[in-house]
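Input: a single structure, listed below in structure tokens.
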Amino acid sequence: MTKPRPNVYTNPISKVPAWRRNLNLAYNVTLIRGDGTGPELVEATRRVLEGTGVAFDWDVVEAGVDIMETAGTPLPDNVLASIRKNKVALKGPITTPIGTGFRSVNVALRKELDLYACIRPCKSYVGVRSRYTDVDLVIVRENTEDLYAGVEYPVDSQEAGQIIGMAGGKIRQDSAISIKPISRTGSRQIVRAAFEYAVENGRKKVTAVAKANIMKYTDGLFYEMAREVAKEYEGRVEYDEWLVDAMCMQLVQKPENYDVMVMENLYGDILSDLCAGLVGGLGVAPGANIGKDMALFEATHGSAPKYKNQNKVNPTALILSGLLMLKYLKEDEAAARLEKAVADVIAEGKSVTYDMKPDRNDPTAVGTAEMADAIIAKMQA
Ligand code: NAD
């Protein structure tokens with residue numbers, strides 16, 4: 001007997017209609033290869049996802065520094081059009097050169113498509129080298145507001161001067177300015193996404209993280225909205241609050257006490273890397289960017305350009321992002337098989353990349369493609 005599946009239309013984390021699943025049609029998915037080590041990681045992940053037996057029809061598109069030279073932009077229009085059409089995308093990392101005026105393609109994609117919820121599970125797998133063994137946390141990061149909204153004015157600009165004038169002596173004349181917008185709408189929808197994720201995944205607690213003792217209006221509004229939304233889930237999901245600095249210490253000391261954590265964009269960016277460190281590093285930290293009716297899946301890590309074309313870096317984070325995509329598509333059985341295969345390969349510790357070996361120079365470390373092969377072989381064993 002097949003396992004009953006939840007009605008996808010009551011599930012805010014999935015929008016794939018039941019008829020598509022029942023007819024077993026291939027999923028149309030936009031595949032963004034990225035740059036740096038992105039193309040190698042994407043290729044490994046594509047093969048593993050196909051190894052689950054789920055059918056995909058990939059629309060391969062290019063974004064990032066490599067396409068910049070020919071297209072004149074790192075984010076050509078066909079990339080956004082493809083994601084808008086397919087509603088689901090898998091993406092390799094994309095480089096953001098520092099201090100060049102070239103804005104982050106990663107941030108632009110999330111903003112353009114209103115992928116407001118970034119979901120980053122951090123889970124300990126046996127065999128991953130870490131100081132902790134029992135971590136199972138999920139960061140829900142707001143993706144479109146905060147200091148990442150891109151409202152910035154350079155030092156000595158007219159706009160910066162106007163704001164400095166309005167601030168009544170609180171800002172030095174020679175300041176550059178970044179604006180931190182936090183809205184009722186954005187706060188409510190990210191907190192609701194965290195609670196819905198908790199309900200959907202049988203999680204017990206949502207913790208809101210901010211710095212409302214200092215930023216009384218912006219972070220104060222975030223807490224106010226969080227408390228309002230939390231009331232709707234009373235009796236089903238617990239709610240608590242931590243200041244971001246205290247939360248960092250809590251996470252380092254007792255990560256097992258936390259479950260789902262929801263926060264604004266900047267705190268989410270920083271705590272995602274902290275939590276990735278708790279479970280073995282960026283090589284194993286997946287992510288999903290989810291909007292009202294579309295989703296883009298990508299690893300937490302960046303393009304690791306120094307390892308480009310070396311078949312060296314760890315594909316686990318992007319493969320686990322692919323696993324989140326399978327769950328979004330309600331391919332739960334394939335997702336469970338994939339997770340078991342990844343967990344088994346890591347636990348055996350044989351066919352893993354250099355970063356997962358006790359000694360990073362271990363000559364028995366395998367490459368990106370070979371680790372993917374080992375995961376595929378486990379699924380088919
Ligand atoms: P990074 O995540 O690329 O690398 C940080 C460290 O982690 C490096 O030592 C790297 O070698 C290692 N690392 C990263 N991924 C790994 C993997 N899969 N396996 C093994 N080791 C891995 O961060 P960075 O160096 O700060 O950023 C490089 C570029 O990536 C920058 O331009 C940055 O803006 C961009 N970036 C992109 C994304 C994204 O595409 N979503 C996210 C973060 C950073």
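The way I read the labels, and the way they are meant: chains A, B, ... in the order of the structure tokens, residue 1 as the first residue of every chain, and ligand 1 as the first ligand shown, with later ones counted on from there.
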With only C-alpha atoms and all ligand atoms counted and 6 Å as the cut-off, give the residues of chain A in contact with ligand 1, each with its shortest interatomic distance in Å and the pair that gives it, as CSV.
residue,atom,partner,partner_atom_place_in_ligand_line,distance
A:Pro93,CA,ligand 1,40 (O),3.2
A:Ile94,CA,ligand 1,40 (O),4.0
A:Thr95,CA,ligand 1,32 (O),3.4
A:Thr96,CA,ligand 1,32 (O),3.7
A:Pro97,CA,ligand 1,32 (O),5.1
A:Asn106,CA,ligand 1,41 (N),5.3
A:Leu282,CA,ligand 1,15 (N),5.6
A:Gly283,CA,ligand 1,17 (C),4.2
A:Thr300,CA,ligand 1,42 (C),5.7
A:His301,CA,ligand 1,2 (O),3.6
A:Gly302,CA,ligand 1,3 (O),3.2
A:Ser303,CA,ligand 1,30 (O),4.1
A:Ala304,CA,ligand 1,3 (O),3.4
A:Val313,CA,ligand 1,19 (N),3.9
A:Asn314,CA,ligand 1,19 (N),3.7
A:Pro315,CA,ligand 1,18 (N),5.5
A:Asp355,CA,ligand 1,20 (C),5.7
Against region 28-31 of chain A, which residues of region 288-370 of chain A fall within 10 Å? For each one I want the closest pair of atoms and the distance in Å (one decimal), counting only C-alpha atoms, rows by chain and increasing residue number, as CSV.
residue,atom,partner,partner_atom,distance
A:Leu296,CA,A:Thr30,CA,8.8
A:Phe297,CA,A:Leu31,CA,9.8
A:Met325,CA,A:Val29,CA,10.0
Using the chain letters and numbers from this document, which residues of region 66-239 of chain A does DSSP assign to strand (DSSP E or B), as a PyMOL selection string?
chain A and resi 88-91+117-123+136-142+152-153+177-178+205-210+238-239
Exercise: Leu251 (chain A) partners within 10 Å, only C-alpha atoms, chain neighbours under 2 positions left out, as a PyMOL selection string
chain A and resi 135+137+246-249+253-258+271+274-275+278
Residue contacts of region 206-212 of chain A (10 Å, only C-alpha atoms) excluding same-chain residues fewer than 3 positions away, as a PDB file with N, CA and C atoms, in the first residue's frame:
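The resulting file, part.pdb, is reproduced below:
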ATOM      1  N   VAL A 138      17.375  23.989  12.792  1.00  0.00           N
ATOM      2  CA  VAL A 138      17.022  24.559  11.496  1.00  0.00           C
ATOM      3  C   VAL A 138      17.014  26.078  11.631  1.00  0.00           C
ATOM      4  N   ILE A 139      17.784  26.745  10.773  1.00  0.00           N
ATOM      5  CA  ILE A 139      17.761  28.209  10.749  1.00  0.00           C
ATOM      6  C   ILE A 139      16.765  28.640   9.680  1.00  0.00           C
ATOM      7  N   VAL A 140      15.845  29.514  10.050  1.00  0.00           N
ATOM      8  CA  VAL A 140      14.922  30.108   9.073  1.00  0.00           C
ATOM      9  C   VAL A 140      15.289  31.588   9.014  1.00  0.00           C
ATOM     10  N   VAL A 191       8.232  34.591  10.106  1.00  0.00           N
ATOM     11  CA  VAL A 191       7.928  33.854  11.345  1.00  0.00           C
ATOM     12  C   VAL A 191       6.870  32.775  11.057  1.00  0.00           C
ATOM     13  N   ALA A 194       8.488  29.836   9.580  1.00  0.00           N
ATOM     14  CA  ALA A 194       9.200  29.028  10.585  1.00  0.00           C
ATOM     15  C   ALA A 194       8.217  28.130  11.333  1.00  0.00           C
ATOM     16  N   PHE A 195       7.074  28.695  11.741  1.00  0.00           N
ATOM     17  CA  PHE A 195       6.081  27.880  12.465  1.00  0.00           C
ATOM     18  C   PHE A 195       5.499  26.801  11.553  1.00  0.00           C
ATOM     19  N   TYR A 197       6.983  25.407   9.049  1.00  0.00           N
ATOM     20  CA  TYR A 197       8.027  24.393   8.895  1.00  0.00           C
ATOM     21  C   TYR A 197       8.026  23.477  10.123  1.00  0.00           C
ATOM     22  N   ALA A 198       7.888  24.092  11.315  1.00  0.00           N
ATOM     23  CA  ALA A 198       7.894  23.309  12.560  1.00  0.00           C
ATOM     24  C   ALA A 198       6.727  22.312  12.568  1.00  0.00           C
ATOM     25  N   ARG A 203       8.426  19.518  14.467  1.00  0.00           N
ATOM     26  CA  ARG A 203       9.370  20.185  15.376  1.00  0.00           C
ATOM     27  C   ARG A 203       8.603  20.796  16.545  1.00  0.00           C
ATOM     28  N   MET A 215      18.203  47.725  18.964  1.00  0.00           N
ATOM     29  CA  MET A 215      17.432  48.243  17.821  1.00  0.00           C
ATOM     30  C   MET A 215      15.950  48.104  18.133  1.00  0.00           C
ATOM     31  N   LYS A 216      15.459  49.087  18.919  1.00  0.00           N
ATOM     32  CA  LYS A 216      14.125  48.970  19.505  1.00  0.00           C
ATOM     33  C   LYS A 216      13.035  49.006  18.453  1.00  0.00           C
ATOM     34  N   TYR A 217      13.230  49.763  17.396  1.00  0.00           N
ATOM     35  CA  TYR A 217      12.153  49.872  16.401  1.00  0.00           C
ATOM     36  C   TYR A 217      12.188  48.736  15.392  1.00  0.00           C
ATOM     37  N   THR A 218      13.367  48.456  14.814  1.00  0.00           N
ATOM     38  CA  THR A 218      13.424  47.397  13.790  1.00  0.00           C
ATOM     39  C   THR A 218      13.302  46.018  14.442  1.00  0.00           C
ATOM     40  N   ASP A 219      14.222  45.672  15.317  1.00  0.00           N
ATOM     41  CA  ASP A 219      14.179  44.341  15.935  1.00  0.00           C
ATOM     42  C   ASP A 219      13.003  44.233  16.904  1.00  0.00           C
ATOM     43  N   GLY A 220      12.616  45.391  17.468  1.00  0.00           N
ATOM     44  CA  GLY A 220      11.417  45.413  18.323  1.00  0.00           C
ATOM     45  C   GLY A 220      10.195  45.004  17.517  1.00  0.00           C
ATOM     46  N   LEU A 221      10.089  45.518  16.292  1.00  0.00           N
ATOM     47  CA  LEU A 221       8.954  45.162  15.430  1.00  0.00           C
ATOM     48  C   LEU A 221       9.003  43.668  15.064  1.00  0.00           C
ATOM     49  N   PHE A 222      10.217  43.164  14.834  1.00  0.00           N
ATOM     50  CA  PHE A 222      10.364  41.740  14.495  1.00  0.00           C
ATOM     51  C   PHE A 222       9.811  40.876  15.645  1.00  0.00           C
ATOM     52  N   TYR A 223      10.188  41.194  16.884  1.00  0.00           N
ATOM     53  CA  TYR A 223       9.679  40.429  18.039  1.00  0.00           C
ATOM     54  C   TYR A 223       8.160  40.581  18.177  1.00  0.00           C
ATOM     55  N   GLU A 224       7.684  41.821  17.966  1.00  0.00           N
ATOM     56  CA  GLU A 224       6.234  42.059  18.109  1.00  0.00           C
ATOM     57  C   GLU A 224       5.462  41.163  17.135  1.00  0.00           C
ATOM     58  N   ALA A 226       6.606  38.432  15.728  1.00  0.00           N
ATOM     59  CA  ALA A 226       6.853  37.024  16.074  1.00  0.00           C
ATOM     60  C   ALA A 226       5.885  36.585  17.181  1.00  0.00           C
ATOM     61  N   ARG A 227       5.688  37.457  18.183  1.00  0.00           N
ATOM     62  CA  ARG A 227       4.779  37.087  19.293  1.00  0.00           C
ATOM     63  C   ARG A 227       3.357  36.937  18.786  1.00  0.00           C
ATOM     64  N   ALA A 230       3.163  33.704  16.884  1.00  0.00           N
ATOM     65  CA  ALA A 230       3.336  32.560  17.796  1.00  0.00           C
ATOM     66  C   ALA A 230       2.022  32.202  18.485  1.00  0.00           C
ATOM     67  N   VAL A 237       3.195  24.486  18.991  1.00  0.00           N
ATOM     68  CA  VAL A 237       4.648  24.709  18.884  1.00  0.00           C
ATOM     69  C   VAL A 237       5.037  25.732  19.950  1.00  0.00           C
ATOM     70  N   GLU A 238       6.059  25.397  20.750  1.00  0.00           N
ATOM     71  CA  GLU A 238       6.552  26.339  21.779  1.00  0.00           C
ATOM     72  C   GLU A 238       7.220  27.537  21.109  1.00  0.00           C
ATOM     73  N   TYR A 239       7.284  28.651  21.841  1.00  0.00           N
ATOM     74  CA  TYR A 239       7.945  29.842  21.296  1.00  0.00           C
ATOM     75  C   TYR A 239       8.838  30.432  22.371  1.00  0.00           C
ATOM     76  N   ASP A 240      10.039  30.827  22.018  1.00  0.00           N
ATOM     77  CA  ASP A 240      10.850  31.639  22.928  1.00  0.00           C
ATOM     78  C   ASP A 240      11.718  32.617  22.141  1.00  0.00           C
ATOM     79  N   GLU A 241      12.424  33.498  22.866  1.00  0.00           N
ATOM     80  CA  GLU A 241      13.217  34.559  22.225  1.00  0.00           C
ATOM     81  C   GLU A 241      14.608  34.595  22.834  1.00  0.00           C
ATOM     82  N   TRP A 242      15.600  34.881  22.003  1.00  0.00           N
ATOM     83  CA  TRP A 242      16.959  35.107  22.508  1.00  0.00           C
ATOM     84  C   TRP A 242      17.548  36.313  21.800  1.00  0.00           C
ATOM     85  N   LEU A 243      18.382  37.058  22.524  1.00  0.00           N
ATOM     86  CA  LEU A 243      19.172  38.116  21.881  1.00  0.00           C
ATOM     87  C   LEU A 243      20.295  37.428  21.104  1.00  0.00           C
ATOM     88  N   VAL A 244      20.644  37.988  19.968  1.00  0.00           N
ATOM     89  CA  VAL A 244      21.543  37.275  19.054  1.00  0.00           C
ATOM     90  C   VAL A 244      22.913  36.976  19.675  1.00  0.00           C
ATOM     91  N   ASP A 245      23.435  37.895  20.484  1.00  0.00           N
ATOM     92  CA  ASP A 245      24.758  37.633  21.081  1.00  0.00           C
ATOM     93  C   ASP A 245      24.686  36.476  22.074  1.00  0.00           C
ATOM     94  N   ALA A 246      23.649  36.485  22.914  1.00  0.00           N
ATOM     95  CA  ALA A 246      23.488  35.397  23.882  1.00  0.00           C
ATOM     96  C   ALA A 246      23.225  34.070  23.157  1.00  0.00           C
ATOM     97  N   MET A 247      22.494  34.169  22.029  1.00  0.00           N
ATOM     98  CA  MET A 247      22.180  32.965  21.252  1.00  0.00           C
ATOM     99  C   MET A 247      23.459  32.298  20.740  1.00  0.00           C
ATOM    100  N   CYS A 248      24.430  33.144  20.318  1.00  0.00           N
ATOM    101  CA  CYS A 248      25.695  32.580  19.819  1.00  0.00           C
ATOM    102  C   CYS A 248      26.355  31.739  20.910  1.00  0.00           C
ATOM    103  N   TYR A 258      18.204  23.606  21.042  1.00  0.00           N
ATOM    104  CA  TYR A 258      17.477  24.461  20.094  1.00  0.00           C
ATOM    105  C   TYR A 258      16.954  23.646  18.924  1.00  0.00           C
ATOM    106  N   ASP A 259      15.932  24.193  18.302  1.00  0.00           N
ATOM    107  CA  ASP A 259      15.169  23.416  17.332  1.00  0.00           C
ATOM    108  C   ASP A 259      15.053  24.253  16.053  1.00  0.00           C
ATOM    109  N   VAL A 260      13.951  24.987  15.856  1.00  0.00           N
ATOM    110  CA  VAL A 260      13.834  25.890  14.710  1.00  0.00           C
ATOM    111  C   VAL A 260      14.132  27.297  15.222  1.00  0.00           C
ATOM    112  N   MET A 261      14.989  28.040  14.522  1.00  0.00           N
ATOM    113  CA  MET A 261      15.314  29.407  14.941  1.00  0.00           C
ATOM    114  C   MET A 261      14.999  30.352  13.793  1.00  0.00           C
ATOM    115  N   VAL A 262      14.287  31.437  14.080  1.00  0.00           N
ATOM    116  CA  VAL A 262      13.899  32.357  13.010  1.00  0.00           C
ATOM    117  C   VAL A 262      14.528  33.724  13.267  1.00  0.00           C
ATOM    118  N   MET A 263      15.033  34.347  12.198  1.00  0.00           N
ATOM    119  CA  MET A 263      15.733  35.620  12.401  1.00  0.00           C
ATOM    120  C   MET A 263      15.801  36.447  11.120  1.00  0.00           C
ATOM    121  N   GLU A 264      16.206  37.712  11.310  1.00  0.00           N
ATOM    122  CA  GLU A 264      16.376  38.611  10.170  1.00  0.00           C
ATOM    123  C   GLU A 264      17.579  38.146   9.345  1.00  0.00           C
ATOM    124  N   LEU A 266      20.672  39.421   8.288  1.00  0.00           N
ATOM    125  CA  LEU A 266      22.090  39.447   8.679  1.00  0.00           C
ATOM    126  C   LEU A 266      22.388  38.428   9.778  1.00  0.00           C
ATOM    127  N   TYR A 267      21.544  38.399  10.821  1.00  0.00           N
ATOM    128  CA  TYR A 267      21.783  37.423  11.900  1.00  0.00           C
ATOM    129  C   TYR A 267      21.712  36.005  11.328  1.00  0.00           C
ATOM    130  N   GLY A 268      20.803  35.812  10.373  1.00  0.00           N
ATOM    131  CA  GLY A 268      20.637  34.489   9.763  1.00  0.00           C
ATOM    132  C   GLY A 268      21.855  34.079   8.971  1.00  0.00           C
ATOM    133  N   LEU A 271      24.592  33.288  11.740  1.00  0.00           N
ATOM    134  CA  LEU A 271      24.309  32.073  12.518  1.00  0.00           C
ATOM    135  C   LEU A 271      24.269  30.812  11.652  1.00  0.00           C
TER     136      LEU A 271
END
Quick one: residues within 9 Å of Ala117 (chain A), only C-alpha atoms, excluding same-chain residues fewer than 6 positions away - as a PDB file with all heavy atoms, in the first residue's frame?
ATOM      1  N   ARG A 110      17.259  36.044  -4.879  1.00  0.00           N
ATOM      2  CA  ARG A 110      16.304  35.903  -3.768  1.00  0.00           C
ATOM      3  C   ARG A 110      15.337  37.082  -3.761  1.00  0.00           C
ATOM      4  O   ARG A 110      14.148  36.925  -3.511  1.00  0.00           O
ATOM      5  CB  ARG A 110      17.054  35.827  -2.430  1.00  0.00           C
ATOM      6  CG  ARG A 110      17.919  34.586  -2.309  1.00  0.00           C
ATOM      7  CD  ARG A 110      18.867  34.672  -1.127  1.00  0.00           C
ATOM      8  NE  ARG A 110      19.987  33.750  -1.300  1.00  0.00           N
ATOM      9  CZ  ARG A 110      21.179  33.912  -0.733  1.00  0.00           C
ATOM     10  NH1 ARG A 110      21.426  34.944   0.054  1.00  0.00           N
ATOM     11  NH2 ARG A 110      22.132  33.030  -0.939  1.00  0.00           N
ATOM     12  N   VAL A 140      15.845  29.514  10.050  1.00  0.00           N
ATOM     13  CA  VAL A 140      14.922  30.108   9.073  1.00  0.00           C
ATOM     14  C   VAL A 140      15.289  31.588   9.014  1.00  0.00           C
ATOM     15  O   VAL A 140      15.066  32.343   9.964  1.00  0.00           O
ATOM     16  CB  VAL A 140      13.448  29.889   9.477  1.00  0.00           C
ATOM     17  CG1 VAL A 140      12.512  30.540   8.474  1.00  0.00           C
ATOM     18  CG2 VAL A 140      13.148  28.393   9.580  1.00  0.00           C
ATOM     19  N   ARG A 141      15.890  31.961   7.891  1.00  0.00           N
ATOM     20  CA  ARG A 141      16.459  33.316   7.745  1.00  0.00           C
ATOM     21  C   ARG A 141      15.609  34.130   6.774  1.00  0.00           C
ATOM     22  O   ARG A 141      15.312  33.664   5.676  1.00  0.00           O
ATOM     23  CB  ARG A 141      17.880  33.151   7.201  1.00  0.00           C
ATOM     24  CG  ARG A 141      18.491  34.403   6.634  1.00  0.00           C
ATOM     25  CD  ARG A 141      19.816  34.070   5.949  1.00  0.00           C
ATOM     26  NE  ARG A 141      20.346  35.234   5.264  1.00  0.00           N
ATOM     27  CZ  ARG A 141      21.368  35.216   4.420  1.00  0.00           C
ATOM     28  NH1 ARG A 141      22.005  34.062   4.171  1.00  0.00           N
ATOM     29  NH2 ARG A 141      21.774  36.308   3.833  1.00  0.00           N
ATOM     30  N   GLU A 142      15.262  35.355   7.166  1.00  0.00           N
ATOM     31  CA  GLU A 142      14.542  36.251   6.254  1.00  0.00           C
ATOM     32  C   GLU A 142      15.524  36.644   5.145  1.00  0.00           C
ATOM     33  O   GLU A 142      16.682  36.925   5.400  1.00  0.00           O
ATOM     34  CB  GLU A 142      14.056  37.488   7.029  1.00  0.00           C
ATOM     35  CG  GLU A 142      12.847  38.169   6.406  1.00  0.00           C
ATOM     36  CD  GLU A 142      13.142  38.899   5.094  1.00  0.00           C
ATOM     37  OE1 GLU A 142      14.250  39.471   4.978  1.00  0.00           O
ATOM     38  OE2 GLU A 142      12.296  38.902   4.203  1.00  0.00           O
ATOM     39  N   ASN A 143      15.045  36.659   3.915  1.00  0.00           N
ATOM     40  CA  ASN A 143      15.968  36.736   2.788  1.00  0.00           C
ATOM     41  C   ASN A 143      15.911  38.042   1.999  1.00  0.00           C
ATOM     42  O   ASN A 143      16.676  38.195   1.063  1.00  0.00           O
ATOM     43  CB  ASN A 143      15.572  35.612   1.807  1.00  0.00           C
ATOM     44  CG  ASN A 143      16.657  34.583   1.625  1.00  0.00           C
ATOM     45  OD1 ASN A 143      17.774  34.775   2.065  1.00  0.00           O
ATOM     46  ND2 ASN A 143      16.317  33.503   0.964  1.00  0.00           N
ATOM     47  N   THR A 144      14.992  38.943   2.307  1.00  0.00           N
ATOM     48  CA  THR A 144      14.783  40.064   1.377  1.00  0.00           C
ATOM     49  C   THR A 144      14.945  41.446   2.005  1.00  0.00           C
ATOM     50  O   THR A 144      14.922  42.442   1.288  1.00  0.00           O
ATOM     51  CB  THR A 144      13.359  40.000   0.774  1.00  0.00           C
ATOM     52  OG1 THR A 144      12.412  40.086   1.833  1.00  0.00           O
ATOM     53  CG2 THR A 144      13.132  38.721  -0.001  1.00  0.00           C
ATOM     54  N   GLN A 189       5.695  37.181   7.687  1.00  0.00           N
ATOM     55  CA  GLN A 189       5.731  36.030   6.775  1.00  0.00           C
ATOM     56  C   GLN A 189       6.905  35.098   7.067  1.00  0.00           C
ATOM     57  O   GLN A 189       6.774  33.884   6.923  1.00  0.00           O
ATOM     58  CB  GLN A 189       5.626  36.438   5.304  1.00  0.00           C
ATOM     59  CG  GLN A 189       6.818  37.066   4.689  1.00  0.00           C
ATOM     60  CD  GLN A 189       6.562  37.482   3.221  1.00  0.00           C
ATOM     61  OE1 GLN A 189       5.482  37.317   2.678  1.00  0.00           O
ATOM     62  NE2 GLN A 189       7.585  38.028   2.598  1.00  0.00           N
ATOM     63  N   ILE A 190       8.023  35.633   7.544  1.00  0.00           N
ATOM     64  CA  ILE A 190       9.139  34.722   7.839  1.00  0.00           C
ATOM     65  C   ILE A 190       8.852  33.932   9.126  1.00  0.00           C
ATOM     66  O   ILE A 190       9.169  32.742   9.222  1.00  0.00           O
ATOM     67  CB  ILE A 190      10.503  35.470   7.929  1.00  0.00           C
ATOM     68  CG1 ILE A 190      11.659  34.472   7.891  1.00  0.00           C
ATOM     69  CG2 ILE A 190      10.655  36.347   9.145  1.00  0.00           C
ATOM     70  CD1 ILE A 190      11.775  33.688   6.639  1.00  0.00           C
ATOM     71  N   ALA A 193       6.492  31.242   8.237  1.00  0.00           N
ATOM     72  CA  ALA A 193       7.204  30.160   7.522  1.00  0.00           C
ATOM     73  C   ALA A 193       7.913  29.249   8.525  1.00  0.00           C
ATOM     74  O   ALA A 193       7.929  28.023   8.362  1.00  0.00           O
ATOM     75  CB  ALA A 193       8.215  30.747   6.531  1.00  0.00           C
ATOM     76  N   ALA A 194       8.488  29.836   9.580  1.00  0.00           N
ATOM     77  CA  ALA A 194       9.200  29.028  10.585  1.00  0.00           C
ATOM     78  C   ALA A 194       8.217  28.130  11.333  1.00  0.00           C
ATOM     79  O   ALA A 194       8.480  26.934  11.546  1.00  0.00           O
ATOM     80  CB  ALA A 194       9.938  29.949  11.558  1.00  0.00           C
ATOM     81  N   ALA A 288      17.649  26.048   1.366  1.00  0.00           N
ATOM     82  CA  ALA A 288      16.525  26.225   0.443  1.00  0.00           C
ATOM     83  C   ALA A 288      16.044  27.656   0.569  1.00  0.00           C
ATOM     84  O   ALA A 288      15.954  28.182   1.682  1.00  0.00           O
ATOM     85  CB  ALA A 288      15.387  25.278   0.820  1.00  0.00           C
ATOM     86  N   ASN A 289      15.791  28.301  -0.581  1.00  0.00           N
ATOM     87  CA  ASN A 289      15.199  29.647  -0.574  1.00  0.00           C
ATOM     88  C   ASN A 289      13.791  29.496  -1.114  1.00  0.00           C
ATOM     89  O   ASN A 289      13.607  29.093  -2.261  1.00  0.00           O
ATOM     90  CB  ASN A 289      15.990  30.575  -1.494  1.00  0.00           C
ATOM     91  CG  ASN A 289      17.427  30.703  -1.047  1.00  0.00           C
ATOM     92  OD1 ASN A 289      17.716  31.282  -0.017  1.00  0.00           O
ATOM     93  ND2 ASN A 289      18.340  30.126  -1.803  1.00  0.00           N
ATOM     94  N   ILE A 290      12.816  29.852  -0.268  1.00  0.00           N
ATOM     95  CA  ILE A 290      11.438  29.528  -0.630  1.00  0.00           C
ATOM     96  C   ILE A 290      10.566  30.783  -0.646  1.00  0.00           C
ATOM     97  O   ILE A 290      10.662  31.628   0.253  1.00  0.00           O
ATOM     98  CB  ILE A 290      10.899  28.469   0.360  1.00  0.00           C
ATOM     99  CG1 ILE A 290      11.776  27.230   0.195  1.00  0.00           C
ATOM    100  CG2 ILE A 290       9.433  28.151   0.104  1.00  0.00           C
ATOM    101  CD1 ILE A 290      11.364  25.987   0.799  1.00  0.00           C
ATOM    102  N   GLY A 291       9.757  30.895  -1.712  1.00  0.00           N
ATOM    103  CA  GLY A 291       8.816  32.007  -1.798  1.00  0.00           C
ATOM    104  C   GLY A 291       7.391  31.474  -1.782  1.00  0.00           C
ATOM    105  O   GLY A 291       7.157  30.327  -1.408  1.00  0.00           O
TER     106      GLY A 291
END
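With only C-alpha atoms as the atoms that count, the minimum distance from Ala317 (chain A) to the choices A:Thr368, A:Asn213, A:Thr70, A:Ser130 is reached by A:Thr368.
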Quick one: residues within 10 Å of Arg129 (chain A), only C-alpha atoms, excluding same-chain residues fewer than 5 positions away - as a PDB file with N, CA, C and O atoms, in the first residue's frame?
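Dumped everything to part-v1.pdb:
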ATOM      1  N   SER A 124      23.712  16.742  12.633  1.00  0.00           N
ATOM      2  CA  SER A 124      24.933  15.929  12.776  1.00  0.00           C
ATOM      3  C   SER A 124      24.749  14.599  12.068  1.00  0.00           C
ATOM      4  O   SER A 124      23.726  13.930  12.255  1.00  0.00           O
ATOM      5  N   LEU A 278      28.965  23.779  13.679  1.00  0.00           N
ATOM      6  CA  LEU A 278      28.611  22.818  14.733  1.00  0.00           C
ATOM      7  C   LEU A 278      28.467  21.403  14.183  1.00  0.00           C
ATOM      8  O   LEU A 278      28.632  20.426  14.897  1.00  0.00           O
ATOM      9  N   VAL A 279      28.090  21.295  12.895  1.00  0.00           N
ATOM     10  CA  VAL A 279      27.815  19.958  12.349  1.00  0.00           C
ATOM     11  C   VAL A 279      28.889  19.503  11.356  1.00  0.00           C
ATOM     12  O   VAL A 279      28.669  18.564  10.606  1.00  0.00           O
ATOM     13  N   GLY A 280      30.027  20.185  11.351  1.00  0.00           N
ATOM     14  CA  GLY A 280      31.128  19.678  10.528  1.00  0.00           C
ATOM     15  C   GLY A 280      31.568  20.598   9.422  1.00  0.00           C
ATOM     16  O   GLY A 280      32.422  20.232   8.618  1.00  0.00           O
ATOM     17  N   GLY A 281      30.972  21.774   9.306  1.00  0.00           N
ATOM     18  CA  GLY A 281      31.491  22.749   8.346  1.00  0.00           C
ATOM     19  C   GLY A 281      30.610  22.952   7.142  1.00  0.00           C
ATOM     20  O   GLY A 281      29.567  22.304   6.962  1.00  0.00           O
ATOM     21  N   ASP A 355      38.051  17.071   3.033  1.00  0.00           N
ATOM     22  CA  ASP A 355      37.635  17.803   4.226  1.00  0.00           C
ATOM     23  C   ASP A 355      36.965  16.901   5.254  1.00  0.00           C
ATOM     24  O   ASP A 355      36.785  17.299   6.403  1.00  0.00           O
ATOM     25  N   MET A 356      36.571  15.691   4.846  1.00  0.00           N
ATOM     26  CA  MET A 356      35.907  14.782   5.775  1.00  0.00           C
ATOM     27  C   MET A 356      36.869  13.733   6.335  1.00  0.00           C
ATOM     28  O   MET A 356      36.471  12.892   7.125  1.00  0.00           O
ATOM     29  N   LYS A 357      38.113  13.781   5.901  1.00  0.00           N
ATOM     30  CA  LYS A 357      39.112  12.842   6.425  1.00  0.00           C
ATOM     31  C   LYS A 357      39.743  13.461   7.675  1.00  0.00           C
ATOM     32  O   LYS A 357      39.865  14.689   7.769  1.00  0.00           O
ATOM     33  N   PRO A 358      40.178  12.612   8.643  1.00  0.00           N
ATOM     34  CA  PRO A 358      40.805  13.154   9.861  1.00  0.00           C
ATOM     35  C   PRO A 358      42.016  14.024   9.513  1.00  0.00           C
ATOM     36  O   PRO A 358      42.276  15.024  10.160  1.00  0.00           O
TER      37      PRO A 358
END
For the helix (DSSP H, G or I) assignment from backbone DSSP, which residues of region 126-340 of chain A qualify? Please present them as a PyMOL selection string.
chain A and resi 146-148+158-166+184-200+218-232+244-253+255-257+265-278+282-284+305-307+316-328+332-340
Using only C-alpha atoms, determine which residues lie at most 8 Å from Pro181 (chain A), disregarding the query and same-chain residues fewer than 4 positions distant; provide the list as an mmCIF file with N, CA and C atoms, in the first residue's frame.
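The resulting file, selection_14.cif, is shown below:
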data_model
loop_
_atom_site.group_PDB
_atom_site.id
_atom_site.type_symbol
_atom_site.label_atom_id
_atom_site.label_comp_id
_atom_site.auth_asym_id
_atom_site.auth_seq_id
_atom_site.Cartn_x
_atom_site.Cartn_y
_atom_site.Cartn_z
ATOM 1 N N GLU A 145 15.045 41.530 3.340
ATOM 2 C CA GLU A 145 15.065 42.856 3.975
ATOM 3 C C GLU A 145 16.387 43.083 4.711
ATOM 4 N N ASP A 146 16.303 43.945 5.724
ATOM 5 C CA ASP A 146 17.423 44.130 6.648
ATOM 6 C C ASP A 146 18.568 44.857 5.923
ATOM 7 N N LEU A 147 19.758 44.756 6.437
ATOM 8 C CA LEU A 147 20.897 45.452 5.846
ATOM 9 C C LEU A 147 21.258 44.897 4.468
ATOM 10 N N ALA A 149 19.050 44.778 2.043
ATOM 11 C CA ALA A 149 18.076 45.312 1.088
ATOM 12 C C ALA A 149 18.764 46.088 -0.032
ATOM 13 N N THR A 218 13.367 48.456 14.814
ATOM 14 C CA THR A 218 13.424 47.397 13.790
ATOM 15 C C THR A 218 13.302 46.018 14.442
#
